[in-house]
Each structure stands twice: as structure tokens, then as C-alpha cells.
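Okay, structure first, notes after.
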Amino acid sequence: MVRHIVMWNLKPEAAGHTKAENAQLMKEKLEGLLGKVEGMLSAQVTTNFTPGGIDVCLVSTHTDKAALDIYQNHPAHLEVKKFVHEVIESRVCHDAEI
């Protein structure tokens, strides 16, 4: 099994929304991929309530590395990724076998 963790800091305003609105949209869009992408077992998106920390965090699990590759290139994920890249300032990612 593979755990995929991505953390983002968001722009104060982007795509016609506030940071808080974009964080909620990211949560809905990313968690909405569950059930659409083969091999994706779970997806949880959280938003940070502590000022100065990372704004949004995704933790997802996938059956294996091949399933993570499928997720990365899946059309539904690529569509979400377009939105995410409009609203973020920075991103870090960590992928690991568990």
C-alpha cells in the first residue's frame, strides 16, 4: 500500500474566491476523486486552523505504486489539479510505501 501526502499553502485570493473558500473547494474536489480512480482506497483533506501553518493537507492511500501513477494521470485528477495550481502558492509532497 502507498500513502500519498500533499500539503499546500494558498494564495490569499485566487480564482474569484478567498483562501478559506478555495480550501473548502479543494477539499470537496480532492475527496470527490474517491471512487472515481481505480486503486485509490482513501482520501482525507484537512484545513489548518493554526495561523502560519500549512493551509491544506491531503492524505490518500492507494493499493500500490502503479495505482498512485494511475491517480496522478487520471483525467479527473488532472482536472482538479488545474484548479489547485490556480490557487496555491507552494506545495510539498511525500509518497511512501506503508
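Every chain in the C-alpha cells has a letter given in the order shown (A, B, ...), and although residue numbers restart at 1 in each chain, ligands are simply numbered from 1 in the order shown.
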### Task
Considering only C-alpha atoms, return as a PyMOL selection string whatever protein or nucleic-acid residues lie within 9 Å of Leu30 of chain A, sequence-local ones (same chain, fewer than 5 positions apart) excluded.
chain A and resi 25+43-45+58+77+80-81
### Task
Write down as number ranges by chain the residues belonging to segment 9-81 of chain A that are assigned helix (DSSP H, G or I) by DSSP computed on the backbone.
A: 19-31, 65-73, 75-81
### Message
When you look at Glu13 of chain A with a cut-off of 10 Å (counting only C-alpha atoms), what residues show up, excluding the ones that are within fewer than 6 positions of it in the same chain? I need them as a count of residues only.
### Response
6
### Task
Write out as a PyMOL selection string each polymer residue whose atoms come within 12 Å of Asp55 of chain A, counting only C-alpha atoms; drop sequence neighbours fewer than 6 positions from it.
chain A and resi 6-12+19-24+26-27+45-49+87-92
### Message
What parts of segment 12-92 of chain A does DSSP call strand (DSSP E or B)? I'd like the answer as a list in words.
### Response
Glu13, Ala14, His17, Thr18, Met40, Leu41, Ser42, Ala43, Gln44, Val45, Thr46, Thr47, Val56, Cys57, Leu58, Val59, Ser60, Thr61, His62, Ile88, Glu89, Ser90, Arg91 and Val92 of chain A
Suppose we keep C-alpha atoms; can you now write the selection as a PDB file, in the first residue's frame?
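The resulting result.pdb:
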ATOM      1  CA  GLU A  13      -7.338  35.279  -3.019  1.00  0.00           C
ATOM      2  CA  ALA A  14      -7.486  33.391  -6.300  1.00  0.00           C
ATOM      3  CA  HIS A  17     -12.517  33.171  -4.002  1.00  0.00           C
ATOM      4  CA  THR A  18     -10.920  33.761  -0.613  1.00  0.00           C
ATOM      5  CA  MET A  40      -7.473   4.798  -4.604  1.00  0.00           C
ATOM      6  CA  LEU A  41      -8.524   3.464  -1.206  1.00  0.00           C
ATOM      7  CA  SER A  42      -8.995   6.626   0.844  1.00  0.00           C
ATOM      8  CA  ALA A  43      -8.726  10.403   0.660  1.00  0.00           C
ATOM      9  CA  GLN A  44      -8.905  12.875   3.509  1.00  0.00           C
ATOM     10  CA  VAL A  45      -8.358  16.600   3.126  1.00  0.00           C
ATOM     11  CA  THR A  46      -7.984  18.820   6.163  1.00  0.00           C
ATOM     12  CA  THR A  47      -7.597  22.563   6.584  1.00  0.00           C
ATOM     13  CA  VAL A  56      -4.436  22.362   3.275  1.00  0.00           C
ATOM     14  CA  CYS A  57      -3.283  18.750   3.597  1.00  0.00           C
ATOM     15  CA  LEU A  58      -4.294  15.692   1.571  1.00  0.00           C
ATOM     16  CA  VAL A  59      -3.626  12.187   2.877  1.00  0.00           C
ATOM     17  CA  SER A  60      -4.647   9.434   0.494  1.00  0.00           C
ATOM     18  CA  THR A  61      -3.888   5.745   0.246  1.00  0.00           C
ATOM     19  CA  HIS A  62      -3.504   3.677  -2.889  1.00  0.00           C
ATOM     20  CA  ILE A  88      -1.739  27.648  -4.399  1.00  0.00           C
ATOM     21  CA  GLU A  89       1.468  29.458  -3.517  1.00  0.00           C
ATOM     22  CA  SER A  90       3.512  26.395  -2.593  1.00  0.00           C
ATOM     23  CA  ARG A  91       3.339  22.611  -2.409  1.00  0.00           C
ATOM     24  CA  VAL A  92       5.208  19.740  -0.751  1.00  0.00           C
TER      25      VAL A  92
END
### Task
Find the residues near Ala76 of chain A: any atom within 12 Å, counting only C-alpha atoms, skip ones fewer than 4 places away on the same chain, and give them as a list in words.
Lys29, Leu30, Glu31, Gly32, Leu33, Leu34, Gly35, Lys36, Val37, Glu38, Ile70, Tyr71, Gln72, Val80, Lys81, Lys82 and Phe83 of chain A
